[in-house]
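Participant: My structure is in structure-v1.txt, and what it holds is compact mmCIF, C-alpha atoms:
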```
# COMPACT_ATOMS: atom_id res chain seq x y z
CA ASN W 1 1.98 1.21 -11.77
CA ALA W 2 -0.88 3.43 -12.87
CA CYS W 3 -4.53 2.94 -13.75
CA VAL W 4 -8.01 4.43 -13.49
CA ASP W 5 -9.83 3.53 -10.28
CA VAL W 6 -13.58 3.04 -10.61
CA VAL W 7 -14.97 3.49 -7.10
CA LEU W 8 -18.50 2.41 -6.23
CA SER W 9 -20.59 0.47 -3.71
CA GLY W 10 -19.65 -3.22 -3.85
CA VAL W 11 -23.13 -4.39 -2.91
CA LYS W 12 -24.74 -2.18 -5.59
CA LEU W 13 -22.38 -3.47 -8.31
CA LEU W 14 -22.99 -7.11 -7.40
CA GLU W 15 -26.73 -6.43 -7.47
CA ALA W 16 -26.39 -4.69 -10.87
CA LEU W 17 -24.58 -7.81 -12.13
CA GLY W 18 -27.52 -9.93 -10.90
CA LEU W 19 -25.48 -11.75 -8.23
CA GLU W 20 -27.34 -13.08 -5.18
CA PRO W 21 -25.81 -12.84 -1.68
CA GLY W 22 -24.27 -16.06 -0.37
CA ASP W 23 -21.45 -17.52 1.71
CA GLY W 24 -18.01 -15.94 1.63
CA LYS W 25 -14.93 -17.82 0.46
CA ASN W 26 -11.36 -16.61 -0.15
CA HIS W 27 -9.93 -17.00 -3.67
CA ALA W 28 -6.28 -16.17 -4.48
CA VAL W 29 -7.31 -15.46 -8.11
CA LEU W 30 -10.81 -14.66 -9.34
CA ASN W 31 -11.75 -16.84 -12.33
CA SER W 32 -15.47 -16.03 -12.49
CA ARG W 33 -18.27 -13.84 -11.18
CA GLN W 34 -19.02 -16.56 -8.62
CA ASP W 35 -15.43 -16.23 -7.28
CA LEU W 36 -15.86 -12.45 -7.17
CA LYS W 37 -19.08 -12.72 -5.19
CA GLU W 38 -17.60 -15.21 -2.68
CA ALA W 39 -14.34 -13.29 -2.17
CA PHE W 40 -16.17 -9.98 -1.72
CA ALA W 41 -18.46 -11.52 0.92
CA HIS W 42 -15.47 -13.15 2.66
CA PHE W 43 -13.57 -9.87 3.11
CA MET W 44 -16.64 -7.72 3.75
CA GLU W 45 -17.46 -10.00 6.70
CA LYS W 46 -13.94 -9.47 8.09
CA GLY W 47 -13.92 -5.75 7.26
CA ALA W 48 -10.49 -6.33 5.69
CA ALA W 49 -8.99 -4.76 2.56
CA ALA W 50 -7.93 -7.12 -0.23
CA GLU W 51 -6.80 -6.97 -3.85
CA ARG W 52 -7.22 -9.76 -6.42
CA PHE W 53 -6.49 -10.49 -10.08
CA PHE W 54 -9.49 -11.36 -12.28
CA SER W 55 -8.30 -13.87 -14.89
CA ASP W 56 -11.09 -13.79 -17.50
CA ALA W 57 -10.51 -10.73 -19.73
CA GLU W 58 -13.89 -10.71 -21.47
CA SER W 59 -15.89 -11.14 -18.29
CA PHE W 60 -13.77 -8.46 -16.58
CA HIS W 61 -14.30 -5.89 -19.35
CA HIS W 62 -18.05 -6.45 -19.13
CA ILE W 63 -17.97 -5.94 -15.33
CA ALA W 64 -15.74 -2.86 -15.73
CA ARG W 65 -18.16 -1.32 -18.24
CA THR W 66 -21.13 -1.97 -15.92
CA ALA W 67 -19.18 -0.42 -13.03
CA SER W 68 -17.93 2.71 -14.84
CA GLU W 69 -21.42 3.45 -16.22
CA TYR W 70 -23.16 2.86 -12.87
CA PRO W 71 -24.83 6.06 -11.58
CA GLY W 72 -22.71 7.40 -8.73
CA ALA W 73 -19.54 5.53 -9.76
CA GLN W 74 -16.50 7.80 -9.50
CA LEU W 75 -13.37 7.69 -11.65
CA TYR W 76 -10.04 8.59 -10.07
CA VAL W 77 -6.31 8.32 -10.59
CA GLY W 78 -5.30 4.82 -9.44
CA GLY W 79 -2.23 2.66 -8.95
CA ASN W 80 0.11 3.21 -6.01
CA ALA W 81 2.77 5.00 -8.07
CA ALA W 82 0.29 7.35 -9.74
CA LEU W 83 -1.42 8.05 -6.38
CA ILE W 84 1.88 8.79 -4.64
CA GLY W 85 2.90 10.99 -7.60
CA GLN W 86 -0.45 12.79 -7.52
CA LYS W 87 -0.15 13.41 -3.76
CA LEU W 88 3.41 14.77 -4.08
CA ALA W 89 2.32 16.93 -7.05
CA THR W 90 -0.02 18.93 -4.78
CA ASN W 91 3.21 20.57 -3.58
CA PRO W 92 3.80 23.32 -6.20
CA ASP W 93 7.60 23.14 -5.77
CA LEU W 94 7.83 19.52 -6.90
CA LYS W 95 8.08 18.03 -10.37
CA ILE W 96 7.02 14.39 -10.65
CA LEU W 97 8.00 11.90 -13.35
CA LEU W 98 5.40 9.12 -13.60
CA CYS W 99 5.96 5.92 -15.57
CA GLY W 100 3.15 3.45 -15.87
CA PRO W 101 0.61 2.49 -18.50
CA VAL W 102 -1.15 5.85 -18.94
CA GLY W 103 -4.32 5.79 -21.09
CA PRO W 104 -6.35 8.81 -22.25
CA LYS W 105 -8.67 8.98 -19.20
CA LEU W 106 -5.82 8.71 -16.71
CA HIS W 107 -3.79 11.38 -18.55
CA GLU W 108 -6.73 13.76 -18.27
CA LEU W 109 -7.00 13.10 -14.49
CA LEU W 110 -3.30 13.67 -13.66
CA ASP W 111 -2.01 16.87 -12.05
CA ASP W 112 -0.13 19.32 -14.30
CA ASN W 113 3.02 18.82 -12.21
CA VAL W 114 3.14 15.16 -13.27
CA VAL W 115 5.30 14.52 -16.34
CA VAL W 116 4.59 11.34 -18.35
CA PRO W 117 7.22 10.16 -20.88
CA PRO W 118 5.72 9.49 -24.35
CA GLU W 119 6.73 5.79 -24.12
CA SER W 120 4.39 5.47 -21.13
CA MET W 121 1.27 6.45 -23.07
CA GLN W 122 -1.10 3.73 -24.29
CA GLU W 123 -4.38 3.72 -26.23
CA ARG W 124 -6.49 1.99 -23.61
CA ASP W 125 -6.76 2.66 -19.87
CA GLU W 126 -6.24 -0.06 -17.29
CA PHE W 127 -9.31 -0.06 -15.02
CA HIS W 128 -9.25 -1.22 -11.39
CA LEU W 129 -12.60 -1.76 -9.70
CA ILE W 130 -12.86 -0.66 -6.09
CA LEU W 131 -15.88 -2.02 -4.29
CA GLU W 132 -16.48 -0.04 -1.12
CA TYR W 133 -18.68 -0.92 1.83
CA GLN W 134 -19.59 1.02 4.96
CA ALA W 135 -19.43 0.00 8.63
CA GLY W 136 -22.57 -1.95 9.50
CA GLU W 137 -23.59 -2.38 5.84
CA GLU W 138 -25.34 -5.68 5.16
CA TRP W 139 -25.48 -8.00 2.16
CA GLY W 140 -27.53 -11.12 2.79
CA GLN W 141 -26.16 -12.67 5.99
CA VAL W 142 -22.92 -10.66 5.85
CA ARG W 143 -22.46 -7.56 7.98
CA ALA W 144 -19.33 -5.37 7.67
CA PRO W 145 -17.68 -4.61 11.06
CA ASN W 146 -16.07 -1.49 9.57
CA ALA W 147 -15.73 0.44 6.31
CA ASN W 148 -13.21 -0.90 3.79
CA ARG W 149 -12.90 -1.95 0.15
CA PHE W 150 -12.26 -4.91 -2.13
CA ILE W 151 -10.17 -4.26 -5.26
CA PHE W 152 -9.85 -6.36 -8.40
CA SER W 153 -8.55 -5.93 -11.95
CA HIS W 154 -7.47 -7.72 -15.10
CA ASP W 155 -4.38 -5.63 -15.54
CA LEU W 156 -1.69 -7.09 -17.77
CA SER W 157 0.62 -4.13 -18.44
CA ASN W 158 1.05 -3.23 -14.74
CA GLY W 159 1.31 -6.94 -13.97
CA ALA W 160 4.27 -7.34 -16.31
CA LEU W 161 5.90 -4.11 -14.99
CA ASN W 162 5.96 -3.01 -18.64
CA MET W 163 7.17 0.51 -17.86
CA LEU W 164 10.06 -0.29 -15.54
CA GLU W 165 12.84 0.02 -18.11
CA VAL W 166 11.29 3.18 -19.56
CA PHE W 167 11.27 4.58 -16.03
CA VAL W 168 14.90 3.79 -15.21
CA SER W 169 16.14 5.08 -18.58
CA SER W 170 14.18 8.35 -18.04
CA LEU W 171 15.97 9.03 -14.74
CA ASP W 172 19.23 10.24 -16.37
CA GLU W 173 17.49 13.23 -17.85
CA PHE W 174 15.06 13.79 -14.96
CA GLN W 175 17.72 13.73 -12.19
CA PRO W 176 15.40 12.81 -9.28
CA ASP W 177 15.93 13.56 -5.58
CA LEU W 178 13.76 10.55 -4.67
CA VAL W 179 12.56 7.42 -6.46
CA VAL W 180 9.33 5.68 -5.42
CA LEU W 181 8.61 2.18 -6.73
CA SER W 182 5.43 0.15 -6.44
CA GLY W 183 3.42 -2.42 -8.30
CA LEU W 184 5.38 -5.60 -7.54
CA HIS W 185 2.15 -7.09 -6.14
CA MET W 186 0.58 -6.72 -9.60
CA MET W 187 2.90 -9.49 -10.86
CA GLU W 188 0.92 -12.13 -8.99
CA GLY W 189 -1.32 -12.61 -12.01
CA GLN W 190 1.70 -13.87 -14.02
CA SER W 191 3.00 -17.43 -14.30
CA LYS W 192 5.77 -18.40 -11.84
CA GLU W 193 8.44 -18.51 -14.57
CA MET W 194 7.43 -15.15 -16.05
CA ARG W 195 7.32 -13.61 -12.58
CA GLN W 196 10.75 -14.92 -11.60
CA ARG W 197 12.31 -13.68 -14.85
CA ARG W 198 10.63 -10.27 -14.57
CA LEU W 199 11.68 -9.93 -10.93
CA MET W 200 15.32 -10.56 -11.90
CA GLU W 201 15.02 -7.90 -14.63
CA ALA W 202 13.42 -5.53 -12.12
CA VAL W 203 16.31 -6.12 -9.71
CA ALA W 204 18.81 -5.37 -12.52
CA SER W 205 16.94 -2.15 -13.38
CA ILE W 206 16.67 -0.99 -9.76
CA SER W 207 20.41 -1.64 -9.37
CA ASP W 208 21.00 0.94 -12.14
CA ILE W 209 19.43 3.76 -10.11
CA PRO W 210 22.27 6.03 -8.85
CA THR W 211 23.22 5.05 -5.29
CA ASP W 212 22.90 8.61 -3.94
CA VAL W 213 19.17 8.70 -4.79
CA PRO W 214 16.98 7.25 -2.01
CA VAL W 215 14.52 4.58 -3.22
CA HIS W 216 11.20 3.88 -1.47
CA LEU W 217 9.17 0.72 -2.19
CA GLU W 218 5.44 0.76 -1.47
CA LEU W 219 4.05 -2.74 -0.83
CA ALA W 220 0.44 -3.81 -1.36
CA SER W 221 -1.84 -6.79 -0.78
CA MET W 222 -0.32 -10.13 -1.84
CA THR W 223 -1.24 -13.83 -1.60
CA ASP W 224 1.81 -15.80 -2.80
CA GLN W 225 4.21 -16.46 0.09
CA ASP W 226 7.09 -17.72 -2.10
CA PHE W 227 6.96 -14.57 -4.20
CA MET W 228 6.92 -12.37 -1.09
CA SER W 229 9.84 -14.33 0.32
CA ASN W 230 11.81 -13.79 -2.94
CA ILE W 231 11.17 -10.05 -2.89
CA MET W 232 12.38 -9.92 0.69
CA HIS W 233 15.26 -12.33 0.93
CA GLN W 234 17.44 -12.24 -2.06
CA GLN W 235 16.25 -9.50 -4.24
CA VAL W 236 14.40 -6.29 -3.68
CA PHE W 237 14.59 -5.35 0.02
CA PRO W 238 18.39 -4.95 0.08
CA LEU W 239 18.23 -2.55 -2.91
CA VAL W 240 15.76 -0.05 -1.46
CA ASN W 241 16.26 2.46 1.36
CA SER W 242 12.70 2.55 2.57
CA ILE W 243 9.46 0.56 2.48
CA GLY W 244 5.84 1.46 3.21
CA LEU W 245 3.23 -1.13 4.24
CA ASN W 246 0.06 -1.77 6.24
CA GLU W 247 -0.94 -4.39 8.82
CA GLN W 248 -2.09 -7.00 6.24
CA GLU W 249 1.21 -6.78 4.36
CA LEU W 250 3.25 -6.82 7.57
CA LEU W 251 1.59 -10.02 8.82
CA PHE W 252 1.88 -11.66 5.39
CA LEU W 253 5.56 -10.76 5.31
CA THR W 254 6.37 -12.41 8.64
CA GLN W 255 4.25 -15.47 7.73
CA SER W 256 6.12 -15.80 4.40
CA ALA W 257 9.54 -15.75 6.06
CA SER W 258 8.70 -17.45 9.38
CA GLY W 259 9.46 -14.28 11.32
CA PRO W 260 8.21 -13.31 14.79
CA HIS W 261 4.49 -13.91 15.47
CA ALA W 262 4.24 -15.83 12.16
CA SER W 263 1.70 -18.21 13.74
CA LEU W 264 -0.79 -15.33 14.11
CA ALA W 265 -3.47 -16.09 11.48
CA SER W 266 -4.99 -12.62 11.37
CA TRP W 267 -5.33 -9.45 13.44
CA SER W 268 -8.33 -9.10 15.70
CA GLY W 269 -9.31 -5.46 16.10
CA VAL W 270 -6.53 -2.87 16.29
CA PRO W 271 -3.16 -4.59 15.66
CA ASP W 272 -1.18 -4.97 18.90
CA VAL W 273 1.61 -2.35 18.97
CA GLY W 274 4.09 -4.74 20.63
CA VAL W 275 3.53 -7.43 17.99
CA VAL W 276 3.81 -4.90 15.14
CA SER W 277 7.02 -3.47 16.65
CA ASP W 278 8.58 -6.94 16.98
CA ILE W 279 7.99 -7.67 13.29
CA LEU W 280 9.24 -4.23 12.16
CA PHE W 281 12.36 -4.64 14.32
CA TRP W 282 12.99 -8.10 12.86
CA ILE W 283 12.72 -6.84 9.24
CA LEU W 284 15.40 -4.18 9.83
CA LYS W 285 17.56 -6.52 11.94
CA GLU W 286 17.39 -9.39 9.41
CA HIS W 287 17.19 -7.52 6.12
CA GLY W 288 18.24 -3.94 6.90
CA LYS W 289 21.61 -2.24 6.75
CA THR W 290 24.23 -3.32 9.29
CA ALA W 291 28.02 -3.15 9.34
CA GLU W 292 28.13 -6.75 8.07
CA ARG W 293 25.27 -6.69 5.56
CA ALA W 294 25.25 -5.10 2.11
CA SER W 295 21.67 -3.84 2.32
CA ASP W 296 20.42 -0.28 1.84
CA LEU W 297 17.19 -0.75 3.82
CA THR W 298 17.10 1.69 6.76
CA ARG W 299 13.48 2.87 7.02
CA ILE W 300 9.98 1.37 7.31
CA HIS W 301 6.79 3.43 7.41
CA PHE W 302 4.00 1.29 8.85
CA HIS W 303 0.39 2.45 8.73
CA THR W 304 -2.81 0.95 10.08
CA LEU W 305 -6.15 2.67 10.62
CA ALA W 306 -5.57 3.55 14.30
CA TYR W 307 -1.84 4.47 14.36
CA HIS W 308 1.38 4.76 12.38
CA ILE W 309 4.95 3.78 13.25
CA LEU W 310 8.08 5.06 11.49
CA VAL W 311 11.08 2.82 12.15
CA THR W 312 14.60 3.88 11.15
CA VAL W 313 18.14 2.59 11.56
CA ASP W 314 20.05 5.27 13.48
CA GLY W 315 22.27 7.58 11.45
CA TYR W 316 20.41 7.59 8.14
CA TRP W 317 17.23 9.62 8.59
CA GLY W 318 16.11 12.77 10.39
CA ASN W 319 12.90 14.69 11.07
CA GLN W 320 10.99 11.49 11.94
CA VAL W 321 8.61 13.24 14.36
CA ALA W 322 7.35 15.58 11.64
CA ALA W 323 7.29 12.79 9.04
CA VAL W 324 5.15 10.37 11.04
CA ALA W 325 2.85 13.21 12.18
CA ALA W 326 2.42 14.46 8.60
CA GLY W 327 1.42 10.96 7.47
CA ALA W 328 -1.18 10.73 10.26
CA ARG W 329 -2.55 14.17 9.42
CA ALA W 330 -2.83 13.19 5.73
CA ALA W 331 -4.84 10.10 6.73
CA GLY W 332 -7.33 12.16 8.75
CA THR W 333 -7.81 14.93 6.18
CA GLN W 334 -7.92 12.75 3.06
CA ALA W 335 -10.39 10.19 4.44
CA CYS W 336 -12.75 13.00 5.52
CA ALA W 337 -12.00 15.09 2.39
CA THR W 338 -11.30 18.19 4.51
CA LYS W 339 -8.44 20.69 4.15
CA THR W 340 -7.48 20.44 7.81
CA ILE W 341 -8.48 18.03 10.59
CA ASP W 342 -12.08 18.70 11.62
CA THR W 343 -12.28 17.46 15.22
CA GLY W 344 -16.03 16.90 14.93
CA LYS W 345 -15.46 14.36 12.16
CA VAL W 346 -12.69 12.25 13.69
CA PHE W 347 -12.15 9.95 16.68
CA LEU W 348 -9.27 8.14 18.39
CA LYS W 349 -9.03 4.39 17.97
CA ALA W 350 -5.40 3.93 19.03
CA PRO W 351 -4.58 2.26 22.36
CA LEU W 352 -3.81 4.93 24.96
CA GLU W 353 -1.40 2.53 26.69
CA PHE W 354 0.68 -0.20 25.09
CA VAL W 355 3.86 -2.25 25.46
CA THR W 356 6.66 -1.86 22.91
CA SER W 357 7.36 -5.59 22.46
CA GLN W 358 5.71 -8.95 23.08
CA ILE W 359 9.04 -10.81 22.93
CA GLU W 360 11.64 -8.79 24.85
CA ALA W 361 11.26 -7.15 28.23
CA PRO W 362 9.11 -4.28 26.98
CA SER W 363 8.64 -0.76 28.18
CA LYS W 364 5.08 0.35 28.81
CA ILE W 365 3.99 3.59 27.19
CA SER W 366 1.08 5.90 27.97
CA LEU W 367 0.10 8.46 25.37
CA ASN W 368 0.31 12.14 26.22
CA PRO W 369 -2.11 14.18 24.06
CA ASP W 370 0.22 17.20 24.24
CA GLU W 371 3.02 15.21 22.62
CA PRO W 372 1.29 12.74 20.35
CA VAL W 373 4.47 11.31 18.81
CA VAL W 374 6.11 8.73 21.09
CA HIS W 375 9.71 7.65 20.57
CA TRP W 376 11.55 4.54 21.77
CA HIS W 377 14.76 2.75 20.94
CA ARG W 378 15.86 -0.83 20.42
CA GLU W 379 19.41 -1.88 19.49
CA GLY W 380 20.29 1.00 17.17
CA ILE W 381 16.79 1.26 15.74
CA SER W 382 14.40 4.15 16.48
CA PHE W 383 10.61 3.85 16.64
CA HIS W 384 8.30 6.86 16.25
CA PHE W 385 4.64 6.12 16.99
CA THR W 386 1.62 8.38 16.55
CA PRO W 387 -2.12 7.76 16.88
CA VAL W 388 -4.30 8.69 13.91
CA LEU W 389 -7.38 10.87 14.09
CA VAL W 390 -9.67 8.43 12.28
CA CYS W 391 -12.45 9.78 10.08
CA LYS W 392 -15.91 8.76 11.39
CA ASP W 393 -17.61 8.72 7.98
CA PRO W 394 -14.85 8.31 5.42
CA VAL W 395 -15.58 9.88 2.05
CA ARG W 396 -12.82 7.95 0.35
CA THR W 397 -10.54 5.19 1.65
CA VAL W 398 -8.67 4.40 -1.57
CA GLY W 399 -5.06 5.51 -1.78
CA LEU W 400 -4.88 6.43 1.90
CA GLY W 401 -1.76 4.33 2.40
CA ASP W 402 -0.17 5.98 -0.63
CA ALA W 403 -1.02 9.47 0.65
CA ILE W 404 0.41 8.57 4.07
CA SER W 405 3.66 7.25 2.60
CA ALA W 406 4.00 10.24 0.24
CA GLU W 407 3.56 12.78 3.05
CA GLY W 408 5.92 10.86 5.31
CA LEU W 409 8.58 10.85 2.59
CA LEU W 410 8.10 14.54 1.88
CA TYR W 411 8.92 15.41 5.51
CA SER W 412 11.73 12.87 5.88
CA GLU W 413 15.29 14.06 5.85
CA VAL W 414 17.78 11.64 4.37
CA TYR W 415 21.36 12.05 5.58
CA PRO W 416 24.00 11.95 2.83
CA GLN W 417 26.25 8.90 3.36
```
If you took the structure in this file and wrote it as structure tokens, what would it be?
Facilitator:
Amino acid sequence: NACVDVVLSGVKLLEALGLEPGDGKNHAVLNSRQDLKEAFAHFMEKGAAAERFFSDAESFHHIARTASEYPGAQLYVGGNAALIGQKLATNPDLKILLCGPVGPKLHELLDDNVVVPPESMQERDEFHLILEYQAGEEWGQVRAPNANRFIFSHDLSNGALNMLEVFVSSLDEFQPDLVVLSGLHMMEGQSKEMRQRRLMEAVASISDIPTDVPVHLELASMTDQDFMSNIMHQQVFPLVNSIGLNEQELLFLTQSASGPHASLASWSGVPDVGVVSDILFWILKEHGKTAERASDLTRIHFHTLAYHILVTVDGYWGNQVAAVAAGARAAGTQACATKTIDTGKVFLKAPLEFVTSQIEAPSKISLNPDEPVVHWHREGISFHFTPVLVCKDPVRTVGLGDAISAEGLLYSEVYPQ
């Protein structure tokens, strides 16, 4: 998936559209400006990230034009795949093949190390609108507890995974060392039948990727539990070696499949490390590779604002300490837009003591600043935890998860099987 991200203040855009502040309300799909206003207020009040499909094309294009012409709006490379590609391309020794709907503006923004097959080019860019808000910012009665963003789009080509077959057919010539997939969440705007059919075609395509090439799947915000359950149970999870996700996606995943802590409605504050670890453990135990199960899944890279955890099935991955640390460093530098971590601009939000499970007899861990990566073990599965140096005044929060996953992958060693 690939698009142009238009990043601007959510409150300023809604004001420019003449929308008055009011009560928040969650909408799975946005059908009107009223829905947009209510959903934005709902998530701003929680300080939670969310992504939604806007169904009315004409209304969306008008909003997109208003947003992209707004003074101070910034245009960036967008879409998880393009962002991960762009992050990897900052390494001069890497060549990246990117397949996604690439319009003229996006092509101009991409790094020179990113190769786009001609079949991926299209005449018009797909725009995604990213409405940011700061900690403490107010809109009417709503006050944001922390900085975050609300994303919406009317994106049909990414939603139909139009470029998937082009991508898989390009791999023969490109001969990759790593494949990164994302954009399944974009299919939520499709009808159930279309989605089911396209998912089956996606599964067939992914199955064609040579088995010696590791495949990473980056998840993103979703609302349809049946669809999530399909991706997990019978179809996609067993085909990939690695997944990347945040706390919203992790909770949604366990709710969709009645996993551990599924009754938890939402996180309050920093997600509890023991709860997160239980869910991560369950995903690899239930859907990961074992002697009895024909699944390739052996790695999960979990990121939340305050800390990251890299979980791996023993015997498949190495260099986890460096990988999880590199992801945390990327989060701190990218959010603050600095080359290296500037200690004056960051703070610690991670718990300094935590338990490793809320279900089993846990071990209690205290962080040692001299060795910030903590390691523990549970039934053939390794956990590597590191706190994140969180940016006090983030310059840009978009694509942080993608940057974290990209860096983590870059430092990960995959053992040949």
Participant: Give me the residues within 6 Å of Val114 in chain W as a short mmCIF file (atom, residue, chain, number, x, y, z; two decimals) with C-alpha atoms, keeping the file's coordinate frame, counting all atoms listed in the file and dropping any in the same chain fewer than 2 places off.
Facilitator:
```
data_model
loop_
_atom_site.label_atom_id
_atom_site.label_comp_id
_atom_site.auth_asym_id
_atom_site.auth_seq_id
_atom_site.Cartn_x
_atom_site.Cartn_y
_atom_site.Cartn_z
CA ILE W 96 7.02 14.39 -10.65
CA LEU W 97 8.00 11.90 -13.35
CA ASP W 111 -2.01 16.87 -12.05
CA ASP W 112 -0.13 19.32 -14.30
#
```
Participant: Please determine, counting only C-alpha atoms, which residue among W:Tyr133, W:Tyr70, W:Phe302, W:Phe385 has the shortest atom-to-atom distance to Met44 in chain W.
Facilitator: W:Tyr133
Participant: For CA of Phe60 in chain W and CA of Arg396 in chain W, quote the distance in Å rounded to one decimal.
Facilitator: 23.6 Å
Participant: Would you pick out the contacts of range 83-88 of chain W at 10 Å or less, using all atoms listed in the file, so that residues sharing its chain but fewer than 6 positions from it are not included, and give the list as number ranges by chain?
Facilitator: W: 1-3, 76-77, 94-99, 109-115, 180-182, 218, 330, 398-407, 409-410
Participant: Kindly export the residues of the current selection with C-alpha atoms, as a PDB file, in the coordinates of the input.
Facilitator:
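The result, written out as selection_11.pdb:
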```pdb
ATOM      1  CA  ASN W   1       1.980   1.210 -11.770  1.00  0.00           C
ATOM      2  CA  ALA W   2      -0.880   3.430 -12.870  1.00  0.00           C
ATOM      3  CA  CYS W   3      -4.530   2.940 -13.750  1.00  0.00           C
ATOM      4  CA  TYR W  76     -10.040   8.590 -10.070  1.00  0.00           C
ATOM      5  CA  VAL W  77      -6.310   8.320 -10.590  1.00  0.00           C
ATOM      6  CA  LEU W  94       7.830  19.520  -6.900  1.00  0.00           C
ATOM      7  CA  LYS W  95       8.080  18.030 -10.370  1.00  0.00           C
ATOM      8  CA  ILE W  96       7.020  14.390 -10.650  1.00  0.00           C
ATOM      9  CA  LEU W  97       8.000  11.900 -13.350  1.00  0.00           C
ATOM     10  CA  LEU W  98       5.400   9.120 -13.600  1.00  0.00           C
ATOM     11  CA  CYS W  99       5.960   5.920 -15.570  1.00  0.00           C
ATOM     12  CA  LEU W 109      -7.000  13.100 -14.490  1.00  0.00           C
ATOM     13  CA  LEU W 110      -3.300  13.670 -13.660  1.00  0.00           C
ATOM     14  CA  ASP W 111      -2.010  16.870 -12.050  1.00  0.00           C
ATOM     15  CA  ASP W 112      -0.130  19.320 -14.300  1.00  0.00           C
ATOM     16  CA  ASN W 113       3.020  18.820 -12.210  1.00  0.00           C
ATOM     17  CA  VAL W 114       3.140  15.160 -13.270  1.00  0.00           C
ATOM     18  CA  VAL W 115       5.300  14.520 -16.340  1.00  0.00           C
ATOM     19  CA  VAL W 180       9.330   5.680  -5.420  1.00  0.00           C
ATOM     20  CA  LEU W 181       8.610   2.180  -6.730  1.00  0.00           C
ATOM     21  CA  SER W 182       5.430   0.150  -6.440  1.00  0.00           C
ATOM     22  CA  GLU W 218       5.440   0.760  -1.470  1.00  0.00           C
ATOM     23  CA  ALA W 330      -2.830  13.190   5.730  1.00  0.00           C
ATOM     24  CA  VAL W 398      -8.670   4.400  -1.570  1.00  0.00           C
ATOM     25  CA  GLY W 399      -5.060   5.510  -1.780  1.00  0.00           C
ATOM     26  CA  LEU W 400      -4.880   6.430   1.900  1.00  0.00           C
ATOM     27  CA  GLY W 401      -1.760   4.330   2.400  1.00  0.00           C
ATOM     28  CA  ASP W 402      -0.170   5.980  -0.630  1.00  0.00           C
ATOM     29  CA  ALA W 403      -1.020   9.470   0.650  1.00  0.00           C
ATOM     30  CA  ILE W 404       0.410   8.570   4.070  1.00  0.00           C
ATOM     31  CA  SER W 405       3.660   7.250   2.600  1.00  0.00           C
ATOM     32  CA  ALA W 406       4.000  10.240   0.240  1.00  0.00           C
ATOM     33  CA  GLU W 407       3.560  12.780   3.050  1.00  0.00           C
ATOM     34  CA  LEU W 409       8.580  10.850   2.590  1.00  0.00           C
ATOM     35  CA  LEU W 410       8.100  14.540   1.880  1.00  0.00           C
TER      36      LEU W 410
END
```
Participant: Suppose you want the space between CA of Gly288 in chain W and CA of His384 in chain W; what is it in Å?
Facilitator: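 Separation between CA of Gly288 in chain W and CA of His384 in chain W: 17.4 Å.
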Participant: Neighbours of Lys37 in chain W within 8 Å (all atoms listed in the file; same-chain residues fewer than 5 positions away dropped), as a ChimeraX atom specification?
Facilitator: /W:14,19,21-22,24
Participant: Return as CSV the residues of range 262-296 of chain W lying at most 10 Å from range 351-356 of chain W, together with the closest atom-to-atom pair for each and the distance in Å to one decimal, counting all atoms listed in the file, with rows in chain order and ascending residue number.
Facilitator:
```
residue,atom,partner,partner_atom,distance
W:Val270,CA,W:Pro351,CA,8.2
W:Pro271,CA,W:Pro351,CA,9.7
W:Asp272,CA,W:Phe354,CA,8.0
W:Val273,CA,W:Thr356,CA,6.4
W:Gly274,CA,W:Thr356,CA,4.5
W:Val275,CA,W:Thr356,CA,8.1
W:Val276,CA,W:Thr356,CA,8.8
W:Ser277,CA,W:Thr356,CA,6.5
W:Asp278,CA,W:Thr356,CA,8.0
```
Participant: Find the residues around Asp314 in chain W up to 9 Å (only C-alpha atoms counted), leave out those fewer than 5 positions away in its own chain, and share them as a PyMOL selection string.
Facilitator: chain W and resi 298+380-382
Participant: From the list W:His216, W:Gly327, W:Ser363, W:Thr338, which residue is nearest Leu297 in chain W when using only C-alpha atoms?
Facilitator: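 Closest to Leu297 in chain W, using only C-alpha atoms: W:His216.
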Participant: Using all atoms listed in the file, which of W:Val6, W:Cys336, W:Val213, W:Ala294 sits nearest Phe150 in chain W?
Facilitator: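 Closest to Phe150 in chain W of all the choices is W:Val6.
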Participant: Can we get range 406-411 of chain W of that structure written down with N, CA and C atoms, as a CSV table (one decimal), in the first residue's frame?
Facilitator:
```
chain,number,residue,atom,x,y,z
W,406,ALA,N,10.7,-1.4,10.5
W,406,ALA,CA,11.7,-1.5,9.5
W,406,ALA,C,13.1,-1.6,10.1
W,407,GLU,N,13.4,-0.8,11.1
W,407,GLU,CA,14.7,-0.8,11.8
W,407,GLU,C,14.9,-2.2,12.5
W,408,GLY,N,13.8,-2.6,13.2
W,408,GLY,CA,13.9,-3.9,13.8
W,408,GLY,C,14.2,-5.1,12.9
W,409,LEU,N,13.6,-5.0,11.7
W,409,LEU,CA,13.9,-6.0,10.7
W,409,LEU,C,15.3,-5.9,10.2
W,410,LEU,N,15.8,-4.7,10.0
W,410,LEU,CA,17.1,-4.5,9.4
W,410,LEU,C,18.2,-5.1,10.3
W,411,TYR,N,17.9,-5.1,11.6
W,411,TYR,CA,18.9,-5.6,12.6
W,411,TYR,C,18.7,-7.1,13.0
```
